[in-house]
$ cat final.txt   # compact mmCIF, C-alpha atoms
# COMPACT_ATOMS: atom_id res chain seq x y z
CA MET A 1 0.00 0.00 0.00
CA ASP A 2 1.07 3.59 -0.46
CA GLU A 3 2.60 5.88 2.12
CA ASN A 4 -0.87 7.02 3.18
CA SER A 5 -2.04 3.47 3.93
CA SER A 6 -2.39 4.26 7.63
CA VAL A 7 -5.42 6.45 6.87
CA LEU A 8 -7.13 4.02 4.50
CA ILE A 9 -9.96 1.61 5.25
CA ASP A 10 -8.71 -1.96 5.01
CA ILE A 11 -11.38 -4.57 5.81
CA ASP A 12 -8.94 -7.44 5.30
CA ARG A 13 -6.60 -6.00 7.94
CA VAL A 14 -9.44 -5.32 10.39
CA LEU A 15 -10.78 -8.86 10.01
CA ALA A 16 -7.31 -10.30 10.50
CA GLU A 17 -6.98 -8.38 13.77
CA LYS A 18 -10.48 -9.19 15.03
CA ALA A 19 -10.83 -12.79 13.85
CA LYS A 20 -7.71 -13.95 15.72
CA GLY A 21 -6.65 -16.56 13.21
CA LYS A 22 -10.12 -17.72 12.15
CA LYS A 23 -10.64 -17.93 8.38
CA ILE A 24 -13.23 -15.50 7.03
CA PRO A 25 -14.92 -16.62 3.77
CA GLY A 26 -14.19 -14.50 0.72
CA PHE A 27 -17.84 -13.66 0.08
CA VAL A 28 -18.09 -12.25 3.62
CA ARG A 29 -15.06 -10.06 3.02
CA SER A 30 -16.48 -8.83 -0.30
CA TYR A 31 -19.86 -8.06 1.26
CA LEU A 32 -18.33 -6.11 4.14
CA LYS A 33 -16.19 -4.10 1.72
CA LYS A 34 -19.34 -3.26 -0.21
CA ILE A 35 -21.47 -2.12 2.73
CA VAL A 36 -18.69 0.01 4.23
CA HIS A 37 -18.00 1.46 0.74
CA GLN A 38 -14.30 0.74 1.08
CA ASP A 39 -13.34 1.79 -2.46
CA GLU A 40 -15.32 5.07 -2.44
CA LEU A 41 -14.10 6.09 1.00
CA ASN A 42 -10.51 5.20 0.23
CA GLY A 43 -10.69 7.33 -2.91
CA PHE A 44 -11.76 10.27 -0.76
CA LEU A 45 -9.12 9.55 1.89
CA ARG A 46 -6.36 9.39 -0.70
CA GLU A 47 -7.27 12.92 -1.73
CA HIS A 48 -7.97 14.43 1.70
CA GLY A 49 -6.47 11.95 4.16
CA GLU A 50 -3.68 14.28 5.29
CA GLU A 51 -6.12 17.02 6.32
CA VAL A 52 -7.20 17.28 9.94
CA GLY A 53 -9.85 19.14 11.87
CA LEU A 54 -12.19 21.63 10.21
CA PRO A 55 -10.72 21.37 6.67
CA PHE A 56 -11.28 17.61 6.76
CA LEU A 57 -14.85 18.06 8.05
CA LYS A 58 -15.57 20.63 5.33
CA HIS A 59 -14.38 18.38 2.52
CA THR A 60 -16.19 15.36 3.98
CA LEU A 61 -19.50 17.24 3.97
CA GLU A 62 -18.78 18.39 0.40
CA PHE A 63 -18.03 14.80 -0.61
CA LEU A 64 -21.38 13.74 0.87
CA ASP A 65 -23.06 16.78 -0.70
CA ALA A 66 -24.76 17.54 2.62
CA LYS A 67 -26.71 20.80 2.54
CA LEU A 68 -27.22 22.35 5.99
CA ASP A 69 -30.01 24.68 7.06
CA VAL A 70 -28.92 26.00 10.45
CA ARG A 71 -31.59 27.70 12.53
CA GLY A 72 -31.22 29.43 15.88
CA GLU A 73 -27.56 30.37 15.48
CA GLU A 74 -28.31 33.43 17.61
CA ASN A 75 -28.72 31.01 20.52
CA LEU A 76 -25.06 29.97 20.39
CA PRO A 77 -23.60 31.46 23.57
CA GLU A 78 -20.23 33.15 23.81
CA GLY A 79 -17.65 32.30 26.42
CA GLY A 80 -18.03 28.92 28.01
CA PRO A 81 -17.01 26.22 27.60
CA PHE A 82 -20.41 24.59 27.02
CA THR A 83 -21.93 21.14 26.54
CA PHE A 84 -23.86 20.65 23.30
CA VAL A 85 -26.30 17.75 23.19
CA SER A 86 -28.25 16.48 20.20
CA ASN A 87 -30.48 13.69 19.05
CA HIS A 88 -28.65 11.19 16.85
CA PRO A 89 -30.83 10.23 13.87
CA LEU A 90 -28.16 9.25 11.35
CA GLY A 91 -24.86 8.12 12.84
CA GLY A 92 -22.86 9.88 10.12
CA GLN A 93 -23.82 13.22 8.64
CA ASP A 94 -25.27 14.45 11.94
CA GLY A 95 -21.97 14.12 13.79
CA LEU A 96 -19.96 15.57 10.93
CA ALA A 97 -22.33 18.49 10.45
CA LEU A 98 -22.49 19.45 14.13
CA GLY A 99 -18.72 19.25 14.36
CA TYR A 100 -18.34 21.57 11.40
CA VAL A 101 -21.01 24.10 12.46
CA LEU A 102 -19.86 24.31 16.09
CA GLY A 103 -16.18 23.94 15.27
CA THR A 104 -16.40 26.84 12.83
CA HIS A 105 -18.21 29.03 15.34
CA TYR A 106 -15.82 28.22 18.20
CA ASP A 107 -12.53 28.21 16.27
CA GLY A 108 -12.11 24.46 16.41
CA LYS A 109 -12.24 24.24 20.21
CA ILE A 110 -14.57 21.24 20.28
CA LYS A 111 -14.42 17.64 21.42
CA TYR A 112 -16.81 14.78 20.64
CA LEU A 113 -17.55 11.79 22.80
CA VAL A 114 -17.70 9.09 20.13
CA ASN A 115 -17.39 5.36 19.62
CA ASP A 116 -13.70 4.61 19.15
CA LEU A 117 -14.47 3.01 15.77
CA LEU A 118 -14.27 6.53 14.36
CA MET A 119 -10.86 7.12 15.90
CA ASN A 120 -9.48 5.30 12.86
CA VAL A 121 -10.41 8.34 10.78
CA LYS A 122 -7.20 10.32 11.14
CA GLY A 123 -8.69 13.63 10.01
CA LEU A 124 -11.24 13.63 12.84
CA ALA A 125 -9.15 12.15 15.64
CA PRO A 126 -8.10 15.55 17.12
CA PHE A 127 -11.76 16.23 17.93
CA PHE A 128 -12.52 12.90 19.55
CA ILE A 129 -12.68 11.56 23.08
CA PRO A 130 -12.93 7.82 22.35
CA ILE A 131 -15.62 5.69 23.96
CA ASN A 132 -14.68 2.03 24.25
CA LYS A 133 -16.07 0.29 27.30
CA THR A 134 -15.11 -3.23 26.26
CA GLY A 135 -11.52 -2.92 25.03
CA LYS A 136 -8.23 -1.95 26.61
CA GLN A 137 -9.29 1.70 26.76
CA ALA A 138 -12.10 0.85 29.19
CA LYS A 139 -10.01 1.73 32.23
CA ASP A 140 -9.07 5.07 30.67
CA PHE A 141 -12.65 6.03 29.79
CA PRO A 142 -13.54 7.86 33.04
CA ARG A 143 -10.23 9.72 32.96
CA LEU A 144 -10.71 10.77 29.33
CA VAL A 145 -14.23 12.03 29.97
CA GLU A 146 -13.08 13.84 33.10
CA ALA A 147 -10.24 15.52 31.21
CA GLY A 148 -12.58 16.52 28.39
CA PHE A 149 -15.10 18.20 30.67
CA HIS A 150 -12.39 19.96 32.67
CA SER A 151 -10.77 21.31 29.51
CA ASP A 152 -11.48 24.61 27.73
CA ASP A 153 -13.02 22.75 24.79
CA HIS A 154 -16.73 22.65 24.11
CA ILE A 155 -18.13 19.12 24.36
CA ILE A 156 -20.48 17.66 21.74
CA MET A 157 -22.49 14.66 22.88
CA PHE A 158 -25.16 12.32 21.59
CA PRO A 159 -26.50 11.17 24.97
CA ALA A 160 -28.40 8.21 23.51
CA GLY A 161 -25.08 6.62 22.53
CA LEU A 162 -26.68 4.73 19.63
CA CYS A 163 -28.33 6.44 16.69
CA SER A 164 -32.12 6.67 16.71
CA ARG A 165 -34.38 3.63 16.38
CA LYS A 166 -37.89 3.24 14.98
CA GLN A 167 -40.38 2.08 17.58
CA LYS A 168 -44.15 1.94 17.05
CA GLY A 169 -43.71 3.88 13.84
CA VAL A 170 -41.80 6.75 15.50
CA ILE A 171 -38.10 7.47 14.87
CA ARG A 172 -36.58 8.69 18.10
CA ASP A 173 -33.51 8.30 20.29
CA LEU A 174 -33.45 5.61 22.93
CA GLU A 175 -32.92 6.63 26.55
CA TRP A 176 -30.49 9.50 27.07
CA LYS A 177 -27.67 8.76 29.50
CA LYS A 178 -27.19 11.16 32.41
CA THR A 179 -23.43 11.75 32.03
CA PHE A 180 -23.85 15.11 30.30
CA VAL A 181 -25.98 16.37 33.19
CA SER A 182 -23.74 15.30 36.05
CA LYS A 183 -20.53 16.38 34.33
CA SER A 184 -21.96 19.72 33.19
CA VAL A 185 -23.02 20.49 36.76
CA GLU A 186 -19.65 19.41 38.08
CA THR A 187 -17.77 21.67 35.65
CA HIS A 188 -20.32 24.52 35.57
CA ARG A 189 -21.11 24.14 31.86
CA ASP A 190 -24.40 25.40 30.49
CA VAL A 191 -26.09 22.85 28.20
CA VAL A 192 -27.14 23.81 24.66
CA PRO A 193 -29.87 21.59 23.13
CA ILE A 194 -29.75 20.87 19.38
CA HIS A 195 -32.18 19.04 17.14
CA PHE A 196 -30.94 17.40 13.94
CA GLU A 197 -33.63 16.48 11.41
CA GLY A 198 -32.97 13.33 9.40
CA ARG A 199 -33.58 9.59 9.18
CA ASN A 200 -31.98 6.37 8.03
CA SER A 201 -33.57 3.78 5.74
CA ASP A 202 -36.41 1.45 6.72
CA PHE A 203 -33.97 -1.44 6.22
CA PHE A 204 -31.71 -0.02 8.94
CA TYR A 205 -34.56 0.26 11.45
CA ARG A 206 -35.87 -3.24 10.66
CA LEU A 207 -32.37 -4.68 11.09
CA ALA A 208 -31.87 -2.92 14.44
CA ASN A 209 -35.24 -4.10 15.75
CA TRP A 210 -34.69 -7.62 14.43
CA SER A 211 -31.31 -7.83 16.19
CA LYS A 212 -32.85 -6.63 19.45
CA ALA A 213 -35.74 -9.10 19.20
CA LEU A 214 -33.30 -11.98 18.72
CA GLY A 215 -31.24 -10.81 21.69
CA ILE A 216 -28.08 -10.27 19.65
CA LYS A 217 -25.71 -8.25 21.82
CA PHE A 218 -23.44 -7.13 18.99
CA ASN A 219 -24.68 -3.93 17.34
CA ILE A 220 -25.12 -5.32 13.82
CA ALA A 221 -26.81 -2.13 12.63
CA MET A 222 -23.57 -0.24 13.24
CA LEU A 223 -21.95 -2.15 10.37
CA TYR A 224 -24.41 -0.49 8.00
CA LEU A 225 -23.87 3.11 9.10
CA ALA A 226 -21.43 3.82 6.26
CA ASP A 227 -24.00 2.46 3.80
CA GLU A 228 -26.67 4.66 5.40
CA MET A 229 -24.33 7.63 5.10
CA PHE A 230 -24.10 7.05 1.35
CA LYS A 231 -27.88 6.64 1.10
CA ASN A 232 -28.15 10.09 2.69
CA ARG A 233 -25.86 11.75 0.14
CA HIS A 234 -27.19 14.80 -1.74
CA LYS A 235 -29.75 15.59 0.97
CA SER A 236 -30.57 18.68 3.01
CA PHE A 237 -30.62 18.64 6.81
CA THR A 238 -32.11 21.12 9.24
CA ILE A 239 -30.17 21.85 12.44
CA THR A 240 -32.10 23.76 15.10
CA ILE A 241 -30.17 25.24 18.02
CA GLY A 242 -32.11 25.93 21.20
CA LYS A 243 -31.47 28.35 24.03
CA PRO A 244 -28.82 27.34 26.59
CA VAL A 245 -30.01 25.64 29.76
CA PRO A 246 -28.02 27.03 32.74
CA TRP A 247 -26.21 24.32 34.67
CA GLN A 248 -27.86 25.58 37.86
CA THR A 249 -31.17 24.30 36.43
CA PHE A 250 -30.13 20.74 37.23
CA ASP A 251 -30.82 20.85 40.94
CA LYS A 252 -31.89 18.16 43.43
CA SER A 253 -35.57 18.43 42.51
CA ARG A 254 -34.98 15.72 39.90
CA THR A 255 -32.46 12.95 39.46
CA PRO A 256 -29.74 13.38 36.80
CA ALA A 257 -31.55 10.77 34.69
CA GLU A 258 -34.79 12.77 34.93
CA TRP A 259 -32.96 15.96 33.97
CA ALA A 260 -31.49 14.13 30.97
CA GLN A 261 -35.03 13.25 29.87
CA TYR A 262 -36.03 16.89 30.44
CA VAL A 263 -33.35 18.11 28.01
CA LYS A 264 -34.22 15.35 25.54
CA ASP A 265 -37.82 16.63 25.52
CA ILE A 266 -36.55 20.17 24.85
CA VAL A 267 -34.55 18.87 21.88
CA TYR A 268 -37.54 17.18 20.28
CA HIS A 269 -39.74 20.23 20.89
CA LEU A 270 -37.27 22.19 18.75
CA ASN A 271 -38.44 20.19 15.76
CA THR A 272 -41.38 22.05 14.26
CA ASN A 273 -42.39 18.90 12.37
CA GLU A 274 -43.27 17.05 15.58
$ encode --input "final.txt" --output "structure tokens"
Amino acid sequence: MDENSSVLIDIDRVLAEKAKGKKIPGFVRSYLKKIVHQDELNGFLREHGEEVGLPFLKHTLEFLDAKLDVRGEENLPEGGPFTFVSNHPLGGQDGLALGYVLGTHYDGKIKYLVNDLLMNVKGLAPFFIPINKTGKQAKDFPRLVEAGFHSDDHIIMFPAGLCSRKQKGVIRDLEWKKTFVSKSVETHRDVVPIHFEGRNSDFFYRLANWSKALGIKFNIAMLYLADEMFKNRHKSFTITIGKPVPWQTFDKSRTPAEWAQYVKDIVYHLNTNE
């Protein structure tokens, strides 16, 4: 491979590392390369793989032809740092778009809490606090989160962890975790709610629900997020920024989990289509 091979997507290498000597059939390898769009993404990475931060985000959104309609920009507070929380309908364009919009406004002083799968994308790594609760980074996770919240960077979080699911015909995040509440109170960060309008394919939601019904612990749907990202190319997305919620709001009258639900409700009320 060329000198930029470290930034390229290599399914064969990943399988060799994860399979631990087990032979993976060729048709499985070919299928995985197809659904993660290895060739298309590697073509993009060969052209922009040495870029990092905002330039990389900008060119990624251009590659995906994502058109953004940002509403409520006047609600973006100055000073800080702040905690920005959003629903997570897509698993791709939503994270990239919020990083670009907020990173541009705050001169790149942002950090995401993301699944460490994305840490393999070199251009985005400077913005990421990796989340890996099952691997060797598990012991470092609390320290990394602590350092992120005590830094001068603004934190971007998707408190549901997973991207939205379709339940009883409604596409919505699963339960929001309370970490953003407790850590924002601890570090005196106001919380800014954001709603991102978008959806994945019906196939994605059926697969996620099917996996849950069968009790499969591995998040199979995650394998298809790159494919969903390509299905969402050439689309327009509306981002609505709400008014900051002062950290003092999160008092003892409710539990942190209840306050997390309170902010989640605010986020969905920002969507004029609901």
$ residues_around --input "final.txt" --residues "A:Phe44" --least-positions-apart "2" --cutoff "10 Å" --atoms "all atoms listed in the file" --output "list of chain:residue names"
A:Leu8, A:Asp39, A:Glu40, A:Leu41, A:Asn42, A:Arg46, A:Glu47, A:His48, A:Gly49, A:His59, A:Thr60, A:Phe63
$ atom_distance --input "final.txt" --atom1 "atom CA of A:Gly169" --atom2 "atom CA of A:His195"
19.3 Å
$ residues_around --input "final.txt" --residues "A:Val245" --least-positions-apart "2" --cutoff "10 Å" --atoms "only C-alpha atoms" --output "ChimeraX atom specification"
/A:83,189-193,242-243,247-250,263,266
$ residues_near_point --input "final.txt" --point "(-18.0, 11.6, 23.2)" --cutoff "6 Å" --atoms "only C-alpha atoms" --output "number ranges by chain"
A: 112-114, 129, 157
$ atom_distance --input "final.txt" --atom1 "atom CA of A:Lys18" --atom2 "atom CA of A:Leu174"
28.4 Å
$ closest_residue --input "final.txt" --among "A:Glu17, A:Asp12, A:Ala97, A:Pro246" --to "A:Ser30" --atoms "all atoms listed in the file"
A:Asp12
$ residues_around --input "final.txt" --residues "A:Pro81" --least-positions-apart "6" --cutoff "7 Å" --atoms "only C-alpha atoms" --output "list in words"
Asp152, Asp153, His154 and Arg189 of chain A
$ atom_distance --input "final.txt" --atom1 "atom CA of A:Leu54" --atom2 "atom CA of A:Phe84"
17.6 Å
$ closest_residue --input "final.txt" --among "A:His105, A:Lys22, A:Lys33, A:His269" --to "A:Asn87" --atoms "only C-alpha atoms"
A:His269
$ residues_around --input "final.txt" --residues "stretch 180-183 of chain A" --least-positions-apart "2" --cutoff "7 Å" --atoms "all atoms listed in the file" --output "number ranges by chain"
A: 149, 178, 185-187, 256, 260
$ closest_residue --input "final.txt" --among "A:Glu146, A:Glu78, A:Asp227, A:Asp251" --to "A:Val36" --atoms "all atoms listed in the file"
A:Asp227
$ closest_residue --input "final.txt" --among "A:Leu76, A:Ile216, A:Val14, A:Ala125" --to "A:Arg29" --atoms "only C-alpha atoms"
A:Val14
$ residues_around --input "final.txt" --residues "A:Lys235" --least-positions-apart "4" --cutoff "9 Å" --atoms "all atoms listed in the file" --output "ChimeraX atom specification"
/A:64-68
$ closest_residue --input "final.txt" --among "A:Lys111, A:Lys177, A:Arg13, A:Arg71" --to "A:Phe196" --atoms "all atoms listed in the file"
A:Arg71
$ axis_aligned_box --input "final.txt" --around "stretch 94-97 of chain A" --padding-each-side "4 Å" --output "AutoDock Vina command-line options"
--center_x -22.6 --center_y 16.3 --center_z 12.1 --size_x 13.3 --size_y 12.4 --size_z 11.3
$ closest_residue --input "final.txt" --among "A:Ile155, A:Val170, A:Ala221, A:Leu207" --to "A:Gly80" --atoms "all atoms listed in the file"
A:Ile155
$ decode --input "final.txt" --residues "stretch 76-121 of chain A" --atoms "N, CA and C atoms" --output "PDB file, in the first residue's frame"
ATOM      1  N   LEU A  76     -26.397  30.454  20.020  1.00  0.00           N
ATOM      2  CA  LEU A  76     -25.064  29.966  20.389  1.00  0.00           C
ATOM      3  C   LEU A  76     -24.420  30.962  21.352  1.00  0.00           C
ATOM      4  N   PRO A  77     -24.145  30.532  22.577  1.00  0.00           N
ATOM      5  CA  PRO A  77     -23.602  31.464  23.570  1.00  0.00           C
ATOM      6  C   PRO A  77     -22.119  31.721  23.355  1.00  0.00           C
ATOM      7  N   GLU A  78     -21.656  32.838  23.851  1.00  0.00           N
ATOM      8  CA  GLU A  78     -20.227  33.153  23.810  1.00  0.00           C
ATOM      9  C   GLU A  78     -19.619  32.841  25.177  1.00  0.00           C
ATOM     10  N   GLY A  79     -18.319  32.647  25.163  1.00  0.00           N
ATOM     11  CA  GLY A  79     -17.648  32.299  26.421  1.00  0.00           C
ATOM     12  C   GLY A  79     -17.609  30.797  26.585  1.00  0.00           C
ATOM     13  N   GLY A  80     -17.986  30.368  27.773  1.00  0.00           N
ATOM     14  CA  GLY A  80     -18.028  28.924  28.011  1.00  0.00           C
ATOM     15  C   GLY A  80     -16.825  28.414  28.769  1.00  0.00           C
ATOM     16  N   PRO A  81     -16.512  27.165  28.602  1.00  0.00           N
ATOM     17  CA  PRO A  81     -17.015  26.223  27.603  1.00  0.00           C
ATOM     18  C   PRO A  81     -18.412  25.682  27.936  1.00  0.00           C
ATOM     19  N   PHE A  82     -19.049  25.092  26.912  1.00  0.00           N
ATOM     20  CA  PHE A  82     -20.408  24.595  27.017  1.00  0.00           C
ATOM     21  C   PHE A  82     -20.483  23.117  26.633  1.00  0.00           C
ATOM     22  N   THR A  83     -21.622  22.507  26.976  1.00  0.00           N
ATOM     23  CA  THR A  83     -21.929  21.145  26.544  1.00  0.00           C
ATOM     24  C   THR A  83     -23.055  21.208  25.530  1.00  0.00           C
ATOM     25  N   PHE A  84     -22.830  20.680  24.338  1.00  0.00           N
ATOM     26  CA  PHE A  84     -23.857  20.647  23.296  1.00  0.00           C
ATOM     27  C   PHE A  84     -24.386  19.227  23.174  1.00  0.00           C
ATOM     28  N   VAL A  85     -25.702  19.079  23.276  1.00  0.00           N
ATOM     29  CA  VAL A  85     -26.300  17.748  23.192  1.00  0.00           C
ATOM     30  C   VAL A  85     -27.336  17.712  22.082  1.00  0.00           C
ATOM     31  N   SER A  86     -27.364  16.602  21.355  1.00  0.00           N
ATOM     32  CA  SER A  86     -28.248  16.484  20.202  1.00  0.00           C
ATOM     33  C   SER A  86     -28.828  15.083  20.115  1.00  0.00           C
ATOM     34  N   ASN A  87     -29.990  15.008  19.465  1.00  0.00           N
ATOM     35  CA  ASN A  87     -30.481  13.688  19.053  1.00  0.00           C
ATOM     36  C   ASN A  87     -29.537  13.151  17.988  1.00  0.00           C
ATOM     37  N   HIS A  88     -29.652  11.843  17.705  1.00  0.00           N
ATOM     38  CA  HIS A  88     -28.649  11.193  16.849  1.00  0.00           C
ATOM     39  C   HIS A  88     -29.348  10.346  15.782  1.00  0.00           C
ATOM     40  N   PRO A  89     -30.020  10.991  14.813  1.00  0.00           N
ATOM     41  CA  PRO A  89     -30.832  10.226  13.874  1.00  0.00           C
ATOM     42  C   PRO A  89     -30.067   9.428  12.828  1.00  0.00           C
ATOM     43  N   LEU A  90     -28.837   9.835  12.498  1.00  0.00           N
ATOM     44  CA  LEU A  90     -28.161   9.252  11.349  1.00  0.00           C
ATOM     45  C   LEU A  90     -26.956   8.382  11.695  1.00  0.00           C
ATOM     46  N   GLY A  91     -26.083   8.862  12.554  1.00  0.00           N
ATOM     47  CA  GLY A  91     -24.863   8.120  12.842  1.00  0.00           C
ATOM     48  C   GLY A  91     -23.713   8.484  11.922  1.00  0.00           C
ATOM     49  N   GLY A  92     -23.913   9.458  11.043  1.00  0.00           N
ATOM     50  CA  GLY A  92     -22.858   9.877  10.121  1.00  0.00           C
ATOM     51  C   GLY A  92     -22.878  11.374   9.894  1.00  0.00           C
ATOM     52  N   GLN A  93     -23.772  11.804   8.978  1.00  0.00           N
ATOM     53  CA  GLN A  93     -23.825  13.224   8.639  1.00  0.00           C
ATOM     54  C   GLN A  93     -24.147  14.109   9.838  1.00  0.00           C
ATOM     55  N   ASP A  94     -24.918  13.606  10.797  1.00  0.00           N
ATOM     56  CA  ASP A  94     -25.273  14.447  11.938  1.00  0.00           C
ATOM     57  C   ASP A  94     -24.038  14.817  12.762  1.00  0.00           C
ATOM     58  N   GLY A  95     -23.184  13.833  13.037  1.00  0.00           N
ATOM     59  CA  GLY A  95     -21.972  14.124  13.793  1.00  0.00           C
ATOM     60  C   GLY A  95     -21.014  15.020  13.035  1.00  0.00           C
ATOM     61  N   LEU A  96     -20.848  14.752  11.748  1.00  0.00           N
ATOM     62  CA  LEU A  96     -19.959  15.567  10.927  1.00  0.00           C
ATOM     63  C   LEU A  96     -20.457  17.005  10.830  1.00  0.00           C
ATOM     64  N   ALA A  97     -21.766  17.154  10.620  1.00  0.00           N
ATOM     65  CA  ALA A  97     -22.333  18.489  10.450  1.00  0.00           C
ATOM     66  C   ALA A  97     -22.235  19.312  11.730  1.00  0.00           C
ATOM     67  N   LEU A  98     -22.564  18.707  12.869  1.00  0.00           N
ATOM     68  CA  LEU A  98     -22.488  19.454  14.127  1.00  0.00           C
ATOM     69  C   LEU A  98     -21.049  19.837  14.446  1.00  0.00           C
ATOM     70  N   GLY A  99     -20.128  18.935  14.149  1.00  0.00           N
ATOM     71  CA  GLY A  99     -18.719  19.253  14.365  1.00  0.00           C
ATOM     72  C   GLY A  99     -18.276  20.434  13.528  1.00  0.00           C
ATOM     73  N   TYR A 100     -18.735  20.477  12.279  1.00  0.00           N
ATOM     74  CA  TYR A 100     -18.338  21.570  11.397  1.00  0.00           C
ATOM     75  C   TYR A 100     -18.992  22.888  11.815  1.00  0.00           C
ATOM     76  N   VAL A 101     -20.297  22.874  12.089  1.00  0.00           N
ATOM     77  CA  VAL A 101     -21.010  24.097  12.463  1.00  0.00           C
ATOM     78  C   VAL A 101     -20.458  24.671  13.768  1.00  0.00           C
ATOM     79  N   LEU A 102     -20.332  23.825  14.783  1.00  0.00           N
ATOM     80  CA  LEU A 102     -19.862  24.307  16.089  1.00  0.00           C
ATOM     81  C   LEU A 102     -18.358  24.562  16.070  1.00  0.00           C
ATOM     82  N   GLY A 103     -17.627  23.729  15.359  1.00  0.00           N
ATOM     83  CA  GLY A 103     -16.182  23.936  15.271  1.00  0.00           C
ATOM     84  C   GLY A 103     -15.839  25.233  14.568  1.00  0.00           C
ATOM     85  N   THR A 104     -16.615  25.582  13.530  1.00  0.00           N
ATOM     86  CA  THR A 104     -16.399  26.839  12.825  1.00  0.00           C
ATOM     87  C   THR A 104     -16.711  28.026  13.729  1.00  0.00           C
ATOM     88  N   HIS A 105     -17.803  27.923  14.471  1.00  0.00           N
ATOM     89  CA  HIS A 105     -18.215  29.034  15.337  1.00  0.00           C
ATOM     90  C   HIS A 105     -17.236  29.242  16.493  1.00  0.00           C
ATOM     91  N   TYR A 106     -16.689  28.134  17.007  1.00  0.00           N
ATOM     92  CA  TYR A 106     -15.825  28.218  18.196  1.00  0.00           C
ATOM     93  C   TYR A 106     -14.347  27.952  17.882  1.00  0.00           C
ATOM     94  N   ASP A 107     -13.950  28.276  16.668  1.00  0.00           N
ATOM     95  CA  ASP A 107     -12.528  28.210  16.274  1.00  0.00           C
ATOM     96  C   ASP A 107     -11.897  26.845  16.539  1.00  0.00           C
ATOM     97  N   GLY A 108     -12.658  25.803  16.298  1.00  0.00           N
ATOM     98  CA  GLY A 108     -12.106  24.462  16.409  1.00  0.00           C
ATOM     99  C   GLY A 108     -11.957  23.933  17.821  1.00  0.00           C
ATOM    100  N   LYS A 109     -12.415  24.684  18.813  1.00  0.00           N
ATOM    101  CA  LYS A 109     -12.240  24.243  20.212  1.00  0.00           C
ATOM    102  C   LYS A 109     -13.411  23.356  20.631  1.00  0.00           C
ATOM    103  N   ILE A 110     -13.501  22.184  19.985  1.00  0.00           N
ATOM    104  CA  ILE A 110     -14.569  21.236  20.284  1.00  0.00           C
ATOM    105  C   ILE A 110     -13.994  19.848  20.506  1.00  0.00           C
ATOM    106  N   LYS A 111     -14.740  19.045  21.232  1.00  0.00           N
ATOM    107  CA  LYS A 111     -14.416  17.637  21.419  1.00  0.00           C
ATOM    108  C   LYS A 111     -15.715  16.843  21.375  1.00  0.00           C
ATOM    109  N   TYR A 112     -15.681  15.708  20.660  1.00  0.00           N
ATOM    110  CA  TYR A 112     -16.808  14.783  20.644  1.00  0.00           C
ATOM    111  C   TYR A 112     -16.558  13.653  21.647  1.00  0.00           C
ATOM    112  N   LEU A 113     -17.624  13.102  22.190  1.00  0.00           N
ATOM    113  CA  LEU A 113     -17.548  11.792  22.804  1.00  0.00           C
ATOM    114  C   LEU A 113     -18.113  10.825  21.786  1.00  0.00           C
ATOM    115  N   VAL A 114     -17.272   9.960  21.231  1.00  0.00           N
ATOM    116  CA  VAL A 114     -17.695   9.089  20.134  1.00  0.00           C
ATOM    117  C   VAL A 114     -17.202   7.666  20.345  1.00  0.00           C
ATOM    118  N   ASN A 115     -17.850   6.737  19.637  1.00  0.00           N
ATOM    119  CA  ASN A 115     -17.385   5.362  19.619  1.00  0.00           C
ATOM    120  C   ASN A 115     -15.988   5.329  19.001  1.00  0.00           C
ATOM    121  N   ASP A 116     -15.101   4.549  19.599  1.00  0.00           N
ATOM    122  CA  ASP A 116     -13.702   4.608  19.145  1.00  0.00           C
ATOM    123  C   ASP A 116     -13.502   4.026  17.752  1.00  0.00           C
ATOM    124  N   LEU A 117     -14.553   3.453  17.160  1.00  0.00           N
ATOM    125  CA  LEU A 117     -14.468   3.007  15.772  1.00  0.00           C
ATOM    126  C   LEU A 117     -14.064   4.166  14.869  1.00  0.00           C
ATOM    127  N   LEU A 118     -14.557   5.366  15.184  1.00  0.00           N
ATOM    128  CA  LEU A 118     -14.275   6.529  14.361  1.00  0.00           C
ATOM    129  C   LEU A 118     -12.871   7.088  14.585  1.00  0.00           C
ATOM    130  N   MET A 119     -12.219   6.638  15.646  1.00  0.00           N
ATOM    131  CA  MET A 119     -10.863   7.125  15.897  1.00  0.00           C
ATOM    132  C   MET A 119      -9.910   6.700  14.788  1.00  0.00           C
ATOM    133  N   ASN A 120     -10.326   5.723  13.968  1.00  0.00           N
ATOM    134  CA  ASN A 120      -9.483   5.299  12.858  1.00  0.00           C
ATOM    135  C   ASN A 120      -9.462   6.321  11.729  1.00  0.00           C
ATOM    136  N   VAL A 121     -10.395   7.280  11.778  1.00  0.00           N
ATOM    137  CA  VAL A 121     -10.408   8.342  10.775  1.00  0.00           C
ATOM    138  C   VAL A 121      -9.464   9.443  11.250  1.00  0.00           C
TER     139      VAL A 121
END
